[in-house]
Amino acid sequence: GNTKAEVDGKLKHVIKLVAEEKSQIRDNALESCRLHINKNLDNLAPGNYYFIIKVYPHHILRENKSAGGVAGADRLSHGMKHSFGVTIGRAAIVNPGTEIFQISCPDEKTARIAKAELTKVKAKVPCSTKVTYEKLN
């Protein structure tokens with residue numbers, strides 16, 4: 001978006017997507033939301049917004065594979081003795097009240113567009129969320 005306008009303080013309308021419960025949001029869900037929001041805001045309000053992702057997927061997700069129903073499974077599985085697992089992805093751990101996305105806009109028309117886009121993205125996030133609106137002085 002428009003970084004210069006954000007630094008200068010010209011974007012007075014702030015719309016946020018806030019988590020309402022504790023959950024893990026995978027990196028591919030965050031990327032899917034980012035692409036959807038950025039593409040639609042670029043088409044509907046080109047250069048008239050500033051978009052930021054407030055969470056980062058630091059948590060490594062692991063899976064401890066075990067063979068079930070396979071002959072010779074005793075040689076494959078070690079139980080919990082070596083339960084480090086294989087990395088299957090990353091996730092951001094989100095607590096209630098954590099801001100996930102933030103969009104800053106200069107006027108109310110663009111703010112309505114941004115609010116609609118955040119409302120569409122709510123289905124891609126695994127926890128219940130709410131969209132908040134704030135006007136800065």
# chains A, B, ... in the order shown; residues from 1 in each chain; ligands from 1
$ residues_around --residues "Ser104 (chain A)" --least-positions-apart "2" --cutoff "10 Å" --atoms "only C-alpha atoms" --output "PDB file with C-alpha atoms, in the first residue's frame"
ATOM      1  CA  GLY A   1       0.000   0.000   0.000  1.00  0.00           C
ATOM      2  CA  ASN A   2       0.919   3.631   0.487  1.00  0.00           C
ATOM      3  CA  ALA A   5       0.944   8.357   3.612  1.00  0.00           C
ATOM      4  CA  GLU A   6       1.078   6.042   6.666  1.00  0.00           C
ATOM      5  CA  GLY A   9      -0.114  10.312   9.322  1.00  0.00           C
ATOM      6  CA  LYS A  10      -2.579  10.978   6.493  1.00  0.00           C
ATOM      7  CA  LEU A  11      -4.449   7.670   6.903  1.00  0.00           C
ATOM      8  CA  LYS A  12      -6.945   8.395   9.700  1.00  0.00           C
ATOM      9  CA  HIS A  13      -9.329   5.421   9.385  1.00  0.00           C
ATOM     10  CA  VAL A  14      -8.068   2.115  10.825  1.00  0.00           C
ATOM     11  CA  ILE A  15      -9.845  -1.222  10.315  1.00  0.00           C
ATOM     12  CA  LYS A  16      -8.585  -4.311  12.174  1.00  0.00           C
ATOM     13  CA  ASN A  48      -5.168   4.511  -1.234  1.00  0.00           C
ATOM     14  CA  TYR A  49      -4.484   2.207   1.742  1.00  0.00           C
ATOM     15  CA  TYR A  50      -1.785   0.730   3.970  1.00  0.00           C
ATOM     16  CA  PHE A  51      -2.070  -2.985   4.833  1.00  0.00           C
ATOM     17  CA  ILE A  52      -0.042  -4.788   7.501  1.00  0.00           C
ATOM     18  CA  GLN A 102      -4.703  -3.894  10.017  1.00  0.00           C
ATOM     19  CA  PRO A 106      -7.662   8.113   4.201  1.00  0.00           C
ATOM     20  CA  ASP A 107     -11.472   8.289   3.858  1.00  0.00           C
ATOM     21  CA  THR A 110     -12.082   3.212   1.301  1.00  0.00           C
ATOM     22  CA  ALA A 111     -12.704   2.169   4.924  1.00  0.00           C
ATOM     23  CA  ALA A 114     -11.513  -2.493   3.556  1.00  0.00           C
ATOM     24  CA  TYR A 133     -13.178   0.317  13.081  1.00  0.00           C
ATOM     25  CA  GLU A 134     -11.360   3.289  14.594  1.00  0.00           C
ATOM     26  CA  LYS A 135     -11.008   6.887  13.451  1.00  0.00           C
TER      27      LYS A 135
END
$ select_by_dssp --residues "chain A" --states "strand (DSSP E or B)" --output "ChimeraX atom specification"
/A:13-19,23-26,50-53,59-63,86-94,99-105,129-135
$ residues_around --residues "region 121-128 of chain A" --least-positions-apart "6" --cutoff "10 Å" --atoms "only C-alpha atoms" --output "compact mmCIF listing (two decimals) with all heavy atoms, in the first residue's frame"
# COMPACT_ATOMS: atom_id res chain seq x y z
N LEU A 17 -8.75 -6.71 12.01
CA LEU A 17 -9.33 -8.03 12.23
C LEU A 17 -8.73 -8.54 13.52
O LEU A 17 -7.51 -8.73 13.62
CB LEU A 17 -9.04 -8.98 11.07
CG LEU A 17 -9.72 -10.33 11.14
CD1 LEU A 17 -11.22 -10.17 10.87
CD2 LEU A 17 -9.13 -11.30 10.15
N VAL A 18 -9.57 -8.78 14.54
CA VAL A 18 -9.11 -9.13 15.88
C VAL A 18 -9.62 -10.52 16.24
O VAL A 18 -10.80 -10.83 16.04
CB VAL A 18 -9.62 -8.08 16.91
CG1 VAL A 18 -9.16 -8.44 18.30
CG2 VAL A 18 -9.16 -6.69 16.53
N ALA A 19 -8.74 -11.36 16.79
CA ALA A 19 -9.12 -12.71 17.21
C ALA A 19 -9.93 -12.64 18.50
O ALA A 19 -9.65 -11.83 19.38
CB ALA A 19 -7.88 -13.56 17.42
N GLU A 20 -10.93 -13.53 18.62
CA GLU A 20 -11.75 -13.58 19.83
C GLU A 20 -11.47 -14.80 20.68
O GLU A 20 -12.00 -14.91 21.78
CB GLU A 20 -13.24 -13.55 19.44
CG GLU A 20 -13.68 -12.23 18.88
CD GLU A 20 -15.17 -12.19 18.63
OE1 GLU A 20 -15.74 -13.21 18.17
OE2 GLU A 20 -15.77 -11.14 18.92
N GLU A 21 -10.65 -15.72 20.19
CA GLU A 21 -10.31 -16.91 20.97
C GLU A 21 -8.89 -17.35 20.64
O GLU A 21 -8.32 -16.94 19.63
CB GLU A 21 -11.29 -18.05 20.67
CG GLU A 21 -11.31 -18.48 19.21
CD GLU A 21 -12.42 -19.45 18.89
OE1 GLU A 21 -13.41 -19.49 19.63
OE2 GLU A 21 -12.28 -20.17 17.90
N LYS A 22 -8.32 -18.17 21.51
CA LYS A 22 -6.95 -18.64 21.30
C LYS A 22 -6.94 -19.73 20.23
O LYS A 22 -7.76 -20.64 20.27
CB LYS A 22 -6.38 -19.19 22.61
CG LYS A 22 -4.94 -19.60 22.49
CD LYS A 22 -4.33 -19.92 23.82
CE LYS A 22 -2.89 -20.33 23.58
NZ LYS A 22 -2.01 -19.92 24.62
N SER A 23 -6.01 -19.61 19.29
CA SER A 23 -5.90 -20.61 18.23
C SER A 23 -4.55 -20.51 17.54
O SER A 23 -3.75 -19.63 17.84
CB SER A 23 -7.02 -20.46 17.21
OG SER A 23 -6.81 -19.29 16.45
N GLN A 24 -4.33 -21.43 16.61
CA GLN A 24 -3.15 -21.41 15.77
C GLN A 24 -3.58 -21.14 14.33
O GLN A 24 -4.44 -21.83 13.81
CB GLN A 24 -2.42 -22.76 15.81
CG GLN A 24 -1.81 -23.09 17.15
CD GLN A 24 -1.10 -24.43 17.11
OE1 GLN A 24 -1.21 -25.19 16.16
NE2 GLN A 24 -0.36 -24.72 18.16
N ILE A 25 -2.98 -20.12 13.72
CA ILE A 25 -3.30 -19.79 12.33
C ILE A 25 -2.10 -20.21 11.49
O ILE A 25 -1.00 -19.69 11.67
CB ILE A 25 -3.59 -18.29 12.16
CG1 ILE A 25 -4.71 -17.86 13.10
CG2 ILE A 25 -3.95 -17.99 10.72
CD1 ILE A 25 -4.96 -16.38 13.09
N ARG A 26 -2.31 -21.14 10.57
CA ARG A 26 -1.22 -21.65 9.75
C ARG A 26 -0.74 -20.60 8.77
O ARG A 26 -1.48 -19.68 8.39
CB ARG A 26 -1.65 -22.91 9.02
CG ARG A 26 -1.90 -24.04 10.02
CD ARG A 26 -1.98 -25.36 9.40
NE ARG A 26 -0.85 -25.63 8.53
CZ ARG A 26 -0.53 -26.84 8.12
NH1 ARG A 26 -1.23 -27.87 8.49
NH2 ARG A 26 0.49 -27.02 7.33
N ASN A 28 -0.11 -20.86 5.61
CA ASN A 28 -0.81 -20.84 4.32
C ASN A 28 -2.16 -20.13 4.43
O ASN A 28 -2.62 -19.53 3.45
CB ASN A 28 -0.95 -22.24 3.72
CG ASN A 28 -1.57 -23.23 4.67
OD1 ASN A 28 -1.93 -22.90 5.79
ND2 ASN A 28 -1.68 -24.47 4.21
N ALA A 29 -2.79 -20.13 5.59
CA ALA A 29 -4.03 -19.38 5.78
C ALA A 29 -3.74 -17.88 5.79
O ALA A 29 -4.48 -17.09 5.19
CB ALA A 29 -4.72 -19.79 7.08
N LEU A 30 -2.66 -17.47 6.46
CA LEU A 30 -2.27 -16.06 6.47
C LEU A 30 -1.92 -15.57 5.06
O LEU A 30 -2.30 -14.47 4.67
CB LEU A 30 -1.08 -15.84 7.41
CG LEU A 30 -1.34 -15.95 8.90
CD1 LEU A 30 -0.03 -15.92 9.67
CD2 LEU A 30 -2.26 -14.84 9.36
N SER A 32 -3.00 -16.83 2.20
CA SER A 32 -4.23 -16.78 1.43
C SER A 32 -5.01 -15.51 1.71
O SER A 32 -5.50 -14.85 0.80
CB SER A 32 -5.09 -18.01 1.75
OG SER A 32 -6.34 -17.92 1.15
N CYS A 33 -5.11 -15.13 2.98
CA CYS A 33 -5.79 -13.89 3.36
C CYS A 33 -5.06 -12.67 2.80
O CYS A 33 -5.69 -11.74 2.29
CB CYS A 33 -5.88 -13.78 4.88
SG CYS A 33 -6.92 -15.02 5.64
N ARG A 34 -3.74 -12.68 2.89
CA ARG A 34 -2.94 -11.56 2.40
C ARG A 34 -3.16 -11.35 0.90
O ARG A 34 -3.37 -10.22 0.44
CB ARG A 34 -1.45 -11.79 2.67
CG ARG A 34 -0.56 -10.63 2.22
CD ARG A 34 0.89 -11.01 2.24
NE ARG A 34 1.24 -11.96 1.20
CZ ARG A 34 1.49 -11.63 -0.08
NH1 ARG A 34 1.41 -10.39 -0.47
NH2 ARG A 34 1.82 -12.56 -0.95
N HIS A 36 -5.72 -12.31 -0.96
CA HIS A 36 -7.10 -11.88 -1.21
C HIS A 36 -7.28 -10.39 -0.91
O HIS A 36 -7.81 -9.64 -1.73
CB HIS A 36 -8.06 -12.71 -0.36
CG HIS A 36 -9.49 -12.34 -0.54
ND1 HIS A 36 -10.27 -12.88 -1.52
CD2 HIS A 36 -10.27 -11.46 0.12
CE1 HIS A 36 -11.48 -12.35 -1.46
NE2 HIS A 36 -11.51 -11.49 -0.46
N ILE A 37 -6.82 -9.96 0.26
CA ILE A 37 -7.00 -8.56 0.67
C ILE A 37 -6.21 -7.63 -0.25
O ILE A 37 -6.73 -6.62 -0.74
CB ILE A 37 -6.57 -8.37 2.13
CG1 ILE A 37 -7.54 -9.09 3.06
CG2 ILE A 37 -6.51 -6.89 2.51
CD1 ILE A 37 -7.07 -9.18 4.50
N VAL A 94 -2.23 -17.29 18.35
CA VAL A 94 -2.99 -16.06 18.52
C VAL A 94 -3.84 -16.16 19.78
O VAL A 94 -4.56 -17.14 19.97
CB VAL A 94 -3.89 -15.83 17.29
CG1 VAL A 94 -4.76 -14.62 17.47
CG2 VAL A 94 -3.05 -15.70 16.04
N PRO A 96 -6.75 -14.30 22.51
CA PRO A 96 -7.91 -13.41 22.35
C PRO A 96 -7.50 -11.94 22.43
O PRO A 96 -6.69 -11.56 23.26
CB PRO A 96 -8.80 -13.78 23.54
CG PRO A 96 -8.38 -15.15 23.93
CD PRO A 96 -6.92 -15.26 23.59
N ILE A 100 -4.86 -9.36 13.98
CA ILE A 100 -4.27 -10.22 12.94
C ILE A 100 -3.89 -9.37 11.73
O ILE A 100 -2.76 -9.44 11.25
CB ILE A 100 -5.26 -11.34 12.55
CG1 ILE A 100 -5.61 -12.17 13.79
CG2 ILE A 100 -4.66 -12.22 11.47
CD1 ILE A 100 -6.74 -13.15 13.57
N LYS A 115 -13.32 -2.82 5.15
CA LYS A 115 -14.12 -3.60 6.11
C LYS A 115 -14.79 -4.77 5.41
O LYS A 115 -14.84 -5.89 5.95
CB LYS A 115 -15.17 -2.70 6.75
CG LYS A 115 -15.96 -3.39 7.83
CD LYS A 115 -16.92 -2.45 8.52
CE LYS A 115 -17.68 -3.19 9.60
NZ LYS A 115 -18.66 -2.35 10.28
$ closest_residue --among "A:Ile60, A:Val7, A:Thr129, A:Leu41" --to "Gly97 (chain A)" --atoms "only C-alpha atoms"
A:Thr129
$ closest_residue --among "A:Lys120, A:Leu136, A:Asp27, A:Asp8" --to "Val55 (chain A)" --atoms "only C-alpha atoms"
A:Asp27
